[in-house]
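Visitor: Mind having a look at this structure? Questions to follow.
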Amino acid sequence: MDSKAKVLSYRGGMYLLLAILIISFIGGFIIYRYSLLHHFVSEDYINEIIFYLIIGVATTATVIALILALRLTRNIRSLQRVAEAMENGTNIKTPEFANDELGDLSRHIIDLYSRLQQATIDVRREHNLALHEQQEKLRIKRQLTNNINHELKTPVAAIQGYLETLISNQDITPEERESFISKCYIHSQRLSQLLHDVSTITRLEDGSSRIECESVELRSIIDEIASDVALLPDDKRMRVNIDMAESMLVKGNSTLLMSIFKNLTDNAIAYSGGRDIFIRLIAQSDEEYTITFSDNGIGIDEEHLLHIFERFYRIDKGRSRKLGGTGLGLSIVKNSVLFHGGDISVRNRPQGGLEFKLTLPRA
């Protein structure tokens, strides 16, 4: 309600009392003087009229003052209950205040307290979220450390075993010596790749603000990967079919962009069982490109689709280790896409094979 429309506010009540007293005094004086001048009534009768007039004015003023006092008392009691609720930290149920000055002040105080209480709740919520995020990061780091230790044991134990055999058996044949050295080299390569992948994951999580971004020509990165695949032996080579514009500028980090398509390619070569890789630009806007990366292999069971971006998740653990996989490739892919502000999803193609759909920001 607008302040001009308030009924019997405290200030209005005082003005009303003052107006009644002034009008009564002026009216009584006029009646008194007029009656004396014209001799309508006796002086005693006039005094009696003035006496009753004074009694009426006093009674009216008393009634008005009593109404104002009752309103004031009710508002003060309501405000007192609100203050007690504030002190106890309990929820406040806003009472009905009168439409007067004290009512406005009371409602304003309650509104300020409600804002303060909501701000406190928001701060606590943000603090709890930050604490939870920090705890989750620590949990993931511990899990990553444990997984790394587990993954390191196999190649380290294999290298140690082969080297011990070479040292303790001086009469080993040249063929066996060459075989053991070759296997040590293969396991050392796997160790090197594991350390590289762990370094990439750590850099994405802890140093993302320090990773430099620039305008990167995405097509040249994909062409470079396709050229590398063409040089592989026949049993590992796949045909890379590219359906993209010759020039596609992406805002990002060239190393991470390379890791996205390199890891997807290595994953397809190692596990898809297909002969073709398809990289297509399926949509573009002023803000981003939408790209699909697919193969024509066997795909994977639906139960594994939700987990393939998890660290060290393997569908066939024995086969993955045998092929030199670290279990971090697709996790790096997802984190690299998220770093660039994009999104990635995966599905089994109706015609066979896996299809990854990702978005990347335009430069």
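We label chains A, B, ... in the order they appear in the structure tokens, count residues from 1 in each chain, and number ligands from 1 in the order shown.
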Extract, using only C-alpha atoms, all DNA, RNA and protein residues at most 8 Å from stretch 185-200 of chain A, discarding same-chain residues fewer than 4 positions from it, and format them as a list of chain:residue names.

Guide: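 Contacts, in chain order: A:Leu152, A:Pro155, A:Val156, A:Ala158, A:Ile159, A:Ile181, A:Leu204, A:Gly324, A:Gly325, A:Thr326, A:Leu328, A:Gly329, A:Ile332.
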
Visitor: From the DSSP assignment of the backbone, select every residue of stretch 146-335 of chain A that is helix (DSSP H, G or I), and format the answer as a VMD selection string.

Guide: chain A and resid 146 to 168 174 to 206 208 to 210 218 to 230 254 to 272 302 to 305 317 to 322 329 to 335

Visitor: Using only C-alpha atoms, find the one residue out of A:Lys251, A:Arg362, A:Arg275, A:Arg125 that sits nearest to A:Glu287.

Guide: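 Under the stated criterion, the closest residue is A:Arg362.
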
Visitor: Which residue out of A:Thr265, A:Asn241, A:Thr290, A:Ser227 has the minimum interatomic distance to A:Phe278 when only C-alpha atoms are used?

Guide: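 Checking each candidate against A:Phe278, we get A:Asn241 as the closest.
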
Visitor: Determine, counting only C-alpha atoms, which protein, DNA and RNA residues have an atom within 7 Å of an atom of stretch 291-300 of chain A; residues of the same chain fewer than 6 positions away are not included. Present the result as a JSON list (two decimals) with N, CA and C atoms, in the first residue's frame.

Guide:
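The resulting file, selection.json, is shown below:
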```
[["chain", "number", "residue", "atom", "x", "y", "z"],
["A", 268, "ALA", "N", 41.07, -46.70, -32.06],
["A", 268, "ALA", "CA", 40.41, -47.40, -33.15],
["A", 268, "ALA", "C", 41.31, -48.47, -33.75],
["A", 272, "SER", "N", 39.24, -51.56, -32.42],
["A", 272, "SER", "CA", 37.98, -51.59, -33.18],
["A", 272, "SER", "C", 37.83, -52.83, -34.04],
["A", 273, "GLY", "N", 38.94, -53.33, -34.60],
["A", 273, "GLY", "CA", 38.84, -54.45, -35.53],
["A", 273, "GLY", "C", 38.33, -54.04, -36.89],
["A", 274, "GLY", "N", 38.21, -52.74, -37.13],
["A", 274, "GLY", "CA", 37.71, -52.26, -38.42],
["A", 274, "GLY", "C", 38.84, -51.92, -39.38],
["A", 275, "ARG", "N", 38.46, -51.50, -40.58],
["A", 275, "ARG", "CA", 39.44, -51.14, -41.59],
["A", 275, "ARG", "C", 39.42, -49.65, -41.93],
["A", 276, "ASP", "N", 38.38, -48.95, -41.50],
["A", 276, "ASP", "CA", 38.24, -47.54, -41.89],
["A", 276, "ASP", "C", 37.97, -46.67, -40.67],
["A", 277, "ILE", "N", 38.52, -45.46, -40.75],
["A", 277, "ILE", "CA", 38.23, -44.39, -39.79],
["A", 277, "ILE", "C", 37.58, -43.25, -40.58],
["A", 278, "PHE", "N", 36.50, -42.69, -40.01],
["A", 278, "PHE", "CA", 35.77, -41.60, -40.68],
["A", 278, "PHE", "C", 35.79, -40.37, -39.76],
["A", 279, "ILE", "N", 36.34, -39.27, -40.27],
["A", 279, "ILE", "CA", 36.36, -38.01, -39.52],
["A", 279, "ILE", "C", 35.58, -36.99, -40.34],
["A", 280, "ARG", "N", 34.45, -36.56, -39.77],
["A", 280, "ARG", "CA", 33.53, -35.71, -40.55],
["A", 280, "ARG", "C", 33.15, -34.46, -39.76],
["A", 281, "LEU", "N", 33.03, -33.36, -40.47],
["A", 281, "LEU", "CA", 32.43, -32.14, -39.92],
["A", 281, "LEU", "C", 30.94, -32.20, -40.24],
["A", 282, "ILE", "N", 30.10, -32.35, -39.22],
["A", 282, "ILE", "CA", 28.67, -32.54, -39.47],
["A", 282, "ILE", "C", 27.86, -31.27, -39.23],
["A", 348, "ASN", "N", 27.34, -46.62, -30.25],
["A", 348, "ASN", "CA", 27.57, -47.65, -31.25],
["A", 348, "ASN", "C", 26.83, -47.27, -32.52],
["A", 352, "GLY", "N", 27.66, -50.61, -37.34],
["A", 352, "GLY", "CA", 28.84, -51.22, -36.73],
["A", 352, "GLY", "C", 29.91, -50.21, -36.42],
["A", 353, "GLY", "N", 30.62, -50.46, -35.32],
["A", 353, "GLY", "CA", 31.70, -49.57, -34.92],
["A", 353, "GLY", "C", 31.25, -48.52, -33.92],
["A", 354, "LEU", "N", 32.21, -47.75, -33.44],
["A", 354, "LEU", "CA", 31.95, -46.68, -32.49],
["A", 354, "LEU", "C", 31.92, -45.33, -33.19],
["A", 355, "GLU", "N", 31.13, -44.41, -32.63],
["A", 355, "GLU", "CA", 31.10, -43.05, -33.14],
["A", 355, "GLU", "C", 31.22, -42.09, -31.96],
["A", 356, "PHE", "N", 32.25, -41.26, -32.01],
["A", 356, "PHE", "CA", 32.44, -40.19, -31.03],
["A", 356, "PHE", "C", 31.98, -38.88, -31.67],
["A", 357, "LYS", "N", 31.16, -38.13, -30.95],
["A", 357, "LYS", "CA", 30.74, -36.82, -31.43],
["A", 357, "LYS", "C", 31.24, -35.76, -30.46],
["A", 358, "LEU", "N", 31.99, -34.79, -30.99],
["A", 358, "LEU", "CA", 32.58, -33.76, -30.12],
["A", 358, "LEU", "C", 32.41, -32.39, -30.73],
["A", 359, "THR", "N", 32.44, -31.40, -29.86],
["A", 359, "THR", "CA", 32.38, -30.01, -30.30],
["A", 359, "THR", "C", 33.65, -29.29, -29.87]]
```

Visitor: Just to confirm, what's the straight-line distance from atom CA of A:Glu288 to atom CA of A:Pro361 in Å (one decimal)?

Guide: 4.2 Å

Visitor: Based on the backbone DSSP call, show me all residues of stretch 103-242 of chain A assigned strand (DSSP E or B), as a ChimeraX atom specification.

Guide: /A:214-217,239-242

Visitor: Excluding A:Met248 and any residue of its chain fewer than 5 positions from it, enumerate the residues within 7 Å of it, using only C-alpha atoms, and give them as a PyMOL selection string.

Guide: chain A and resi 217-219
